[in-house]
2 protein chains.
Amino acid sequence: MKQYILGVDIGGTNIKIGIFDSESIELIDKIEFKTPKRDQDQSIFLNLKSEIDQLIKNHKLVYEDVIGLGVAVPCPVKNGYVFSCPNLVWTNMDIVKELQKSFPSNIKISVSNDASLAALGENESLDMPYKNAVLITLGTGVGGGVIINGNIHEGSMGYGGEIGHIRVFDENEITCGCGSKGCLEQICGTHGILEYTQKLAKNSKTSIDMNRLSVKSVFDAAKDGDNLANKVIDRVAKYLAISASILAMIVDPEVFIIGGGVSRAGSFLIDKIEKHYKSEARFSSGHIPFMLAKTGNDAGIIGAAYLVSQQIKKSEKTDAW
Amino acid sequence: MKQYILGVDIGGTNIKIGIFDSESIELIDKIEFKTPKRDQDQSIFLNLKSEIDQLIKNHKLVYEDVIGLGVAVPCPVKNGYVFSCPNLVWTNMDIVKELQKSFPSNIKISVSNDASLAALGENESLDMPYKNAVLITLGTGVGGGVIINGNIHEGSMGYGGEIGHIRVFDENEITCGCGSKGCLEQICGTHGILEYTQKLAKNSKTSIDMNRLSVKSVFDAAKDGDNLANKVIDRVAKYLAISASILAMIVDPEVFIIGGGVSRAGSFLIDKIEKHYKSEARFSSGHIPFMLAKTGNDAGIIGAAYLVSQQIKKSEKTDAW
C-alpha cells in the first residue's frame with residue numbers, strides 16, 4: 001500500500017501544502033492559500049486542517065494513507081516548540097502538540113524552522129547528500145540553515161543557523177529589525193540592497209530606473225555592466241563571503257548553498273561570492289564550493305516532508321517517537 | 001579487573017601523558033617531557049611509546065590493562081587525519097594509523113584537536129554535561145571547540161571550532177598568523193593584548209611597568225582600576241562578546257566556557273565579557289551563560305581520555321571501531 005507524507009510551509013503571507021510519496025519524497029500535488037490574519041493562534045490550525053481534508057479527498061485518499069506531517073514555520077523552533085514568532089503572533093506554543101489535536105495519532109508530526117528545512121530539503125534532494133552543509137537564503141530577510149551529520153542543527157533555543165543576524169560589520173547608526181546592529185541581513189536583505197543603491201545613486205550615474213527600483217533591476221543592471229549596480233552587488237557578495245568564512249571556521253561545511261528569491265540572480269551572484277570568498281577564507285577552507293539552491297519556492301514543503309520522513313525512519317529504529 | 005585509559009597532549013613545547021581510570025576518567029598520574037624538535041614525523045611517536053612504556057611500568061601495569069589511548073594535537077584533525085600541523089612539521093599524516101603501529105591492537109586510539117578536546121573534557125567533567133557547548137581558549141593564540149549533541153564537531157576538514165580565526169573586525173593593515181585579516185586572535189591573543197597596551201601607553205598614563213609588560217600585568221592593573229589597562233581588557237571582552245553573539249546565531253550553545261592561560265583572570269574577565277555580551281546578543285540569546293574552564297593545564301589529556309572512552313562505548317554498541 002502506497003503511503004503519503006504532507007509537507008506544510010506556514011509563511012507570514014501564504015501557507016503551502018504539498019502531498020508527497022513517503023518513499024521517494026516526490027511532490028505529487030500542492031496547494032497554496034492566504035495565511036489567516038486574525039486569531040492566528042487557532043485559525044491557522046483550523047484552516048490547515050480543512051485544506052488538508054480537502055487535499056487528501058481530492059486525491060481519493062483517507063488519513064490512514066498518510067504517515068507523516070512536516071511543518072515549516074518562519075521562526076526559531078526547538079523540538080517543535082516556538083518561544084516567539086513575530087510574523088505570526090505565536091508565543092510559547094508547542095506546535096506539534098497543537099497540531100496533533102487535529103490529526104489522527106497515526107500521523108507523525110514534525111516542525112522546524114523554514115530556512116533550516118530548506119537546508120535539509122536542498123541537501124536531501126541531492127544524489128549524494130552532504131554530511132555538513134550550510135544554506136543561506138536571500139530574500140526580504142536573510143535566513144539560513146545548518147546541517148550537521150545530516151540533521152538540522154536547531155541549537156539550544158532554536159537559533160541554530162540564524163545566519164542573517166551574525167554581526168559582520170562594525171556598528172553604525174542603523175538598527176536591524178532584530179534590535180541589534182551590524183547584521184548580515186542589513187547589507188544582504190532586500191531593504192539593505194535597495195537602500196545602498198539609493199545612497200550611491202545620489203552621487204553617481206546609473207542605468208537603473210530609480211522610479212522602478214527593485215533588487216532584480218539592480219542585478220539586471222549589474223549584468224549589463226552598470227558600475228553602480230556592480231558596486232552594490234559586490235558589497236552583497238563580499239559580506240556573504242565574509243559570513244561564509246566565519247561559518248567555515250565554526251561549522252566547516254562541505255558546501256554553501258545559496259537560496260531565496262535573490263538567488264535567482266544565478267551564477268552571476270555565485271561567481272561574485274566565490275571571488276570574494278577566495279580572499280576571505282582562512283587556512284585551507286577556500287575550496288568549499290558555493291551552489292545555487294534548486295528547490296525554489298517549494299523548499300519549505302520539501303524540507304518539511306524530508307524532516308518527518310527522517311524522524312519516522314529514526315523512530316522505527318529506536319521504537320520511540 | 002580495573003582498566004585504564006591514557007590521555008596524551010602533544011604540544012609544540014611539551015608532551016603530557018596522563019593515566020586515567022577507564023570508568024571514572026579520574027586522573028591517576030601524569031608525566032610531562034619536551035617535544036622532540038628533530039625528525040618530528042617519527043621521533044614524537046618513538047618518544048611517546050618509550051615514555052608510556054615507563055609510565056605503565058611505574059604503575060605495575062601491562063598493556064593488557066590499557067583499553068584506550070586518546071591524543072590531543074595542536075592542529076585541525078579530521079577522523080584522526082592531519083592535513084597540516086605548522087607547530088609540528090606534520091603533513092598529510094594519519095595519526096591514528098601511525099600510533100597503532102607502536103601499540104597492541106587491543107588499545108583503541110582516538111585523536112582530535114587540542115582545543116576541541118579541551119571543550120569535550122570541560123563539558124564531560126561537569127555533573128550534567130551540556131548537549132551543545134562552546135569553549136574559547138585564550139592564550140598565545142585563541143582556540144576553540146564546539147560540542148554538538150555531546151560530541152566534538154570536527155567539520156568536513158577539521159576546522160570546526162577554529163574560533164580564533166573568525167573575522168570580527170574590519171580589515172586593517174596587520175595580517176594574522178593565519179594569513180588573513182580581522183581575526184579574533186589578533187585582538188584577544190597575547191600578542192594583540194600586549195601590542196594594543198603598548199600603542200595606548202604611547203599617549204596615555206598607566207600604572208603598568210612597561211618594561212615588564214605581560215598579559216598578567218595588564219589584568220592586574222585593570223583590577224586595580226588603571227584606566228588604560230581597563231580599556232585594553234574592555235576591547236578583549238567586547239570582541240569575545242561579539243564572537244559569542246555570532247556563535248549564538250550559528251551553534252546556539254547552552255554555555256560558553258572560557259579557558260586557556262588568560263582565563264586565569266577569572267571572574268573579572270567573565271563579568272566584563274558578560275556585560276558586553278548582553279548588548280551584542282541577538283534576539284533572546286542574551287541569557288547564555290559564560291563560565292570559567294576548570295581543568296586548567298590538564299584540559300588536553302582529560303579531553304583525550306574522554307574522547308577515547310566515548311568512542312569505546314559507541315563501538316561497544318555498534319560493534320565497530
# chains A, B, ... in the order shown; residues from 1 in each chain; ligands from 1

$ residues_around --residues "segment 303-306 of chain A" --least-positions-apart "6" --cutoff "8 Å" --atoms "only C-alpha atoms" --output "ChimeraX atom specification"
/A:5-9,20,25,68-72,110-112,117-122,124

$ write_last_selection --atoms "C-alpha atoms" --output "JSON list (two decimals), in the first residue's frame"
[["chain", "number", "residue", "atom", "x", "y", "z"],
["A", 5, "ILE", "CA", 3.58, 12.46, 3.69],
["A", 6, "LEU", "CA", 2.32, 16.03, 3.90],
["A", 7, "GLY", "CA", 4.74, 18.95, 3.85],
["A", 8, "VAL", "CA", 3.42, 22.32, 5.03],
["A", 9, "ASP", "CA", 5.10, 25.73, 4.86],
["A", 20, "PHE", "CA", 4.46, 13.56, -1.21],
["A", 25, "ILE", "CA", 9.61, 12.19, -1.27],
["A", 68, "GLY", "CA", 3.58, 12.00, 8.48],
["A", 69, "LEU", "CA", 3.05, 15.73, 8.54],
["A", 70, "GLY", "CA", 6.09, 18.02, 8.41],
["A", 71, "VAL", "CA", 5.63, 21.71, 9.06],
["A", 72, "ALA", "CA", 7.90, 24.69, 8.34],
["A", 110, "SER", "CA", 7.50, 17.25, 12.96],
["A", 111, "VAL", "CA", 8.02, 21.00, 12.98],
["A", 112, "SER", "CA", 11.09, 23.10, 12.33],
["A", 117, "LEU", "CA", 14.03, 22.89, 6.50],
["A", 118, "ALA", "CA", 15.00, 24.46, 3.19],
["A", 119, "ALA", "CA", 18.59, 23.47, 4.00],
["A", 120, "LEU", "CA", 17.52, 19.91, 4.79],
["A", 121, "GLY", "CA", 15.36, 19.71, 1.65],
["A", 122, "GLU", "CA", 18.11, 21.04, -0.61],
["A", 124, "GLU", "CA", 18.44, 15.58, 0.86]]

$ residues_around --residues "segment 242-251 of chain A" --least-positions-apart "4" --cutoff "6 Å" --atoms "only C-alpha atoms" --output "list in words"
Glu280 and Ala281 of chain A; Gly155, Tyr159, Gly160, Gly161, Glu162 and Ile166 of chain B

$ write_last_selection --atoms "C-alpha atoms" --output "CSV table (one decimal), in the first residue's frame"
chain,number,residue,atom,x,y,z
A,280,GLU,CA,38.3,36.0,2.8
A,281,ALA,CA,38.7,32.3,3.6
B,155,GLY,CA,33.6,19.7,10.5
B,159,TYR,CA,38.2,23.4,11.1
B,160,GLY,CA,35.1,23.1,13.3
B,161,GLY,CA,35.6,25.4,16.2
B,162,GLU,CA,38.6,27.4,14.9
B,166,ILE,CA,36.6,34.1,12.7

$ closest_residue --among "A:Trp90, A:His276, A:Asp224, A:Ile67" --to "Asn106 of chain A" --atoms "only C-alpha atoms"
A:Ile67

$ residues_around --residues "Ser180 of chain A" --least-positions-apart "6" --cutoff "9 Å" --atoms "only C-alpha atoms" --output "list in words"
His165, Arg167, Glu171 and Ile174 of chain A; Ser279, Glu280, Ala281, Arg282 and Phe283 of chain B

$ write_last_selection --atoms "C-alpha atoms" --output "tab-separated table (two decimals), in the first residue's frame"
chain	number	residue	atom	x	y	z
A	165	HIS	CA	21.90	38.07	12.26
A	167	ARG	CA	27.43	40.53	13.10
A	171	GLU	CA	28.27	49.15	14.42
A	174	ILE	CA	21.05	51.88	11.74
B	279	SER	CA	24.38	44.33	24.38
B	280	GLU	CA	25.81	42.29	21.48
B	281	ALA	CA	23.48	39.28	21.73
B	282	ARG	CA	20.65	38.95	19.22
B	283	PHE	CA	17.00	38.06	19.92

$ closest_residue --among "B:Gly179, B:Gly259, B:Gly286, B:Gly189" --to "chain A" --atoms "only C-alpha atoms"
B:Gly179

$ closest_residue --among "B:Ala265, B:Val146, B:Ala229, B:Val236" --to "chain A" --atoms "only C-alpha atoms"
B:Val146

$ closest_residue --among "B:Val232, B:Thr13, B:Ile187, B:Asn172" --to "Leu200 of chain B" --atoms "only C-alpha atoms"
B:Val232

$ select_by_dssp --residues "segment 72-308 of chain A" --states "helix (DSSP H, G or I)" --output "VMD selection string"
chain A and resid 95 to 100 114 to 124 163 to 165 184 to 188 190 to 201 210 to 212 215 to 223 227 to 248 261 to 265 267 to 280 285 to 287 296 to 308

$ closest_residue --among "B:Leu194, B:Met157, B:Ile10, B:Met291" --to "Asp252 of chain A" --atoms "only C-alpha atoms"
B:Met157

$ atom_distance --atom1 "atom CA of His59 of chain A" --atom2 "atom CA of Ile17 of chain A"
13.5 Å

$ atom_distance --atom1 "atom CA of Ser24 of chain A" --atom2 "atom CA of Phe45 of chain A"
27.2 Å

$ closest_residue --among "B:Lys78, B:Lys101, B:Lys223, B:Lys202" --to "chain A" --atoms "only C-alpha atoms"
B:Lys78

$ residues_around --residues "segment 93-96 of chain B" --least-positions-apart "4" --cutoff "7 Å" --atoms "only C-alpha atoms" --output "ChimeraX atom specification"
/B:80-83,100,109-111
